[in-house]
Amino acid sequence: MTHEQYMKRALHIAARGRTSPNPMVGAVVVKDGQIVGEGYHRRAGEPHAEVVALQKAGEKARGGVLYVTLEPCCHYGRTPPCTKAIIASGIAEVYAAMEDPDPNVAGKGFAELMQAGVRVHYPLLEEGARRLNEAYIKHRTTGLPFVILKSAMSLDGRIATRTGDSKWITSQQSRMIVHRVRSRVDAIVVGAQTARVDNPQLTARIGRKVFYPLRVVVTKSGNLPVDLEIFREPGQCL
């Protein structure tokens with residue numbers, strides 16, 4: 001396998017995480033042309049991808065190569081620095097997809113590894129890594145949230161029937177896509193009229209799994225019926 005193929009594997013497993021406000025990160029450890037450990041960051045506060053991959057690799061990591069989708073962190077947060085775990089493992093070489101835009105890291109992680117004698121190469125498949133973490137990058141570089149607009153209309157430019165009795169104008173396939181998008185966000189925002197008329201649950205339902213992002217209703221008066229679905233579901237409503 002090539003360097004790009006190993007990084008593609010790391011990007012693939014990184015997407016499994018539900019990590020907000022942290023970035024999604026995947027890591028692969030390779031020794032003598034074989035993958036000996038891999039892992040991804042599952043949730044904020046849980047072990048980072050590099051640590052998971054190194055733990056799975058064990059002693060096989062010594063002298064090996066680590067492929068990671070984001071610059072390893074070098075500061076103490078809810079988890080210890082990944083740079084120290086990488087150095088302690090005996091990894092000889094690191095390939096990273098991109099530099100971390102977080103000012104706490106931003107090049108410092110690479111510098112610490114190189115000072116310890118670890119060979120560092122980046123960027124590698126940076127476009128894919130940026131696409132994976134576009135929301136994280138937007139927030140870290142601007143302080144603003146990443147907003148996804150969901151809009152649907154009929155061929156004649158309508159969003160509902162004249163009588164207002166229409167439930168959906170979208171197909172089942174498009175609704176499935178919407179729920180997959182919802183499962184990746186922190187909050188879903190609707191207007192007061194949508195809450196009153198459509199009475200949506202504002203959850204993400206994928207198969208048997210249900211996710212409950214923060215539900216936000218934009219309203220001038222706050223005068224909403226107390227029996228709306230948004231108030232019945234678990235989780236928070238704002």
# chains A, B, ... in the order shown; residues from 1 in each chain; ligands from 1

$ residues_around --residues "Lys31 (chain A)" --least-positions-apart "5" --cutoff "12 Å" --atoms "only C-alpha atoms" --output "PyMOL selection string"
chain A and resi 1+6+36-38+54+57-67+90-93

$ select_by_dssp --residues "region 19-230 of chain A" --states "strand (DSSP E or B)" --output "number ranges by chain"
A: 26-31, 34-40, 65-68, 93-96, 119-121, 187-191, 204-206, 209-211, 214-218

$ write_last_selection --atoms "N, CA and C atoms" --output "compact mmCIF listing (two decimals), in the first residue's frame"
# COMPACT_ATOMS: atom_id res chain seq x y z
N GLY A 26 -8.58 10.14 12.58
CA GLY A 26 -8.28 8.72 12.46
C GLY A 26 -6.78 8.52 12.40
N ALA A 27 -6.31 7.37 12.85
CA ALA A 27 -4.87 7.08 12.86
C ALA A 27 -4.62 5.62 12.51
N VAL A 28 -3.54 5.39 11.78
CA VAL A 28 -3.15 4.04 11.37
C VAL A 28 -1.66 3.87 11.65
N VAL A 29 -1.29 2.76 12.30
CA VAL A 29 0.11 2.44 12.57
C VAL A 29 0.55 1.33 11.62
N VAL A 30 1.66 1.56 10.92
CA VAL A 30 2.16 0.59 9.94
C VAL A 30 3.57 0.17 10.31
N LYS A 31 3.82 -1.14 10.25
CA LYS A 31 5.16 -1.68 10.51
C LYS A 31 5.46 -2.74 9.46
N GLN A 34 2.68 -3.54 7.02
CA GLN A 34 1.43 -4.11 7.53
C GLN A 34 0.80 -3.16 8.55
N ILE A 35 -0.52 -3.04 8.50
CA ILE A 35 -1.23 -2.26 9.52
C ILE A 35 -1.25 -3.06 10.82
N VAL A 36 -0.65 -2.51 11.87
CA VAL A 36 -0.57 -3.21 13.15
C VAL A 36 -1.46 -2.57 14.21
N GLY A 37 -2.06 -1.44 13.89
CA GLY A 37 -2.97 -0.79 14.82
C GLY A 37 -3.67 0.37 14.14
N GLU A 38 -4.91 0.59 14.51
CA GLU A 38 -5.65 1.73 13.98
C GLU A 38 -6.71 2.15 14.98
N GLY A 39 -7.13 3.39 14.88
CA GLY A 39 -8.15 3.87 15.80
C GLY A 39 -8.67 5.22 15.38
N TYR A 40 -9.76 5.63 16.02
CA TYR A 40 -10.34 6.94 15.73
C TYR A 40 -10.86 7.55 17.03
N VAL A 65 5.50 3.47 11.42
CA VAL A 65 5.05 4.73 10.82
C VAL A 65 3.60 4.99 11.25
N LEU A 66 3.33 6.21 11.66
CA LEU A 66 1.98 6.60 12.06
C LEU A 66 1.38 7.53 11.00
N TYR A 67 0.20 7.18 10.53
CA TYR A 67 -0.56 8.03 9.61
C TYR A 67 -1.73 8.61 10.40
N VAL A 68 -1.85 9.92 10.42
CA VAL A 68 -2.91 10.56 11.21
C VAL A 68 -3.50 11.72 10.41
N GLU A 93 8.32 7.61 12.36
CA GLU A 93 7.92 8.52 11.29
C GLU A 93 6.43 8.81 11.38
N VAL A 94 6.05 10.05 11.13
CA VAL A 94 4.64 10.45 11.16
C VAL A 94 4.27 11.14 9.85
N TYR A 95 3.18 10.68 9.25
CA TYR A 95 2.58 11.35 8.10
C TYR A 95 1.25 11.94 8.57
N ALA A 96 1.08 13.24 8.41
CA ALA A 96 -0.15 13.91 8.83
C ALA A 96 -0.83 14.55 7.63
N ARG A 119 10.59 11.68 12.40
CA ARG A 119 10.50 12.29 11.07
C ARG A 119 9.03 12.61 10.78
N VAL A 120 8.77 13.83 10.36
CA VAL A 120 7.39 14.30 10.16
C VAL A 120 7.20 14.74 8.71
N HIS A 121 6.09 14.29 8.11
CA HIS A 121 5.75 14.67 6.73
C HIS A 121 4.31 15.17 6.69
N ALA A 187 -26.94 21.36 16.69
CA ALA A 187 -28.24 21.99 16.90
C ALA A 187 -29.02 22.06 15.59
N ILE A 188 -30.35 22.03 15.71
CA ILE A 188 -31.25 22.21 14.57
C ILE A 188 -32.12 23.43 14.86
N VAL A 189 -32.18 24.36 13.92
CA VAL A 189 -32.90 25.62 14.13
C VAL A 189 -34.08 25.73 13.16
N VAL A 190 -35.25 26.08 13.68
CA VAL A 190 -36.43 26.34 12.84
C VAL A 190 -37.11 27.61 13.34
N GLY A 191 -37.99 28.15 12.50
CA GLY A 191 -38.79 29.30 12.90
C GLY A 191 -40.01 28.87 13.69
N ALA A 204 -32.72 13.13 14.92
CA ALA A 204 -32.08 12.43 13.81
C ALA A 204 -32.35 10.95 13.99
N ARG A 205 -33.13 10.38 13.09
CA ARG A 205 -33.52 8.98 13.21
C ARG A 205 -32.89 8.19 12.07
N ILE A 206 -31.93 7.35 12.42
CA ILE A 206 -31.23 6.53 11.43
C ILE A 206 -31.37 5.08 11.83
N LYS A 209 -31.34 3.84 15.59
CA LYS A 209 -30.65 4.85 16.38
C LYS A 209 -31.36 6.19 16.29
N VAL A 210 -31.45 6.87 17.41
CA VAL A 210 -32.05 8.20 17.44
C VAL A 210 -31.06 9.15 18.13
N PHE A 211 -30.77 10.28 17.49
CA PHE A 211 -29.89 11.29 18.05
C PHE A 211 -30.71 12.53 18.37
N LEU A 214 -29.46 19.71 19.99
CA LEU A 214 -30.16 20.82 20.61
C LEU A 214 -31.22 21.34 19.64
N ARG A 215 -32.46 21.52 20.12
CA ARG A 215 -33.55 22.01 19.27
C ARG A 215 -33.77 23.49 19.57
N VAL A 216 -33.68 24.31 18.52
CA VAL A 216 -33.77 25.77 18.68
C VAL A 216 -34.94 26.29 17.85
N VAL A 217 -35.80 27.08 18.47
CA VAL A 217 -36.91 27.73 17.76
C VAL A 217 -36.72 29.24 17.84
N VAL A 218 -36.67 29.89 16.68
CA VAL A 218 -36.54 31.34 16.63
C VAL A 218 -37.94 31.95 16.67

$ atom_distance --atom1 "CA of Ala129 (chain A)" --atom2 "CA of Glu71 (chain A)"
10.8 Å

$ residues_around --residues "region 13-21 of chain A" --least-positions-apart "4" --cutoff "10 Å" --atoms "only C-alpha atoms" --output "count of residues only"
29

$ select_by_dssp --residues "region 8-224 of chain A" --states "alpha helix (DSSP H)" --output "count of residues only"
65

$ atom_distance --atom1 "CA of Arg196 (chain A)" --atom2 "CA of Phe231 (chain A)"
11.9 Å

$ atom_distance --atom1 "CA of Gln115 (chain A)" --atom2 "CA of Lys84 (chain A)"
11.7 Å

$ closest_residue --among "A:Ser151, A:Gln193, A:Thr203, A:Gln236" --to "Asn223 (chain A)" --atoms "only C-alpha atoms"
A:Gln193

$ residues_around --residues "region 73-82 of chain A" --least-positions-apart "4" --cutoff "8 Å" --atoms "only C-alpha atoms" --output "number ranges by chain"
A: 45-48, 50-51, 86, 104-105, 108-109, 112

$ write_last_selection --atoms "C-alpha atoms" --output "tab-separated table (two decimals), in the first residue's frame"
chain	number	residue	atom	x	y	z
A	45	GLY	CA	-13.19	13.53	26.32
A	46	GLU	CA	-12.36	10.00	25.16
A	47	PRO	CA	-8.88	8.85	24.00
A	48	HIS	CA	-7.62	10.43	20.79
A	50	GLU	CA	-3.33	8.26	17.92
A	51	VAL	CA	-3.50	6.82	21.44
A	86	ILE	CA	3.83	8.98	20.02
A	104	ASN	CA	-2.87	25.62	21.05
A	105	VAL	CA	-1.40	23.20	18.51
A	108	LYS	CA	3.74	23.01	17.84
A	109	GLY	CA	2.83	19.32	17.71
A	112	GLU	CA	7.79	18.61	19.41
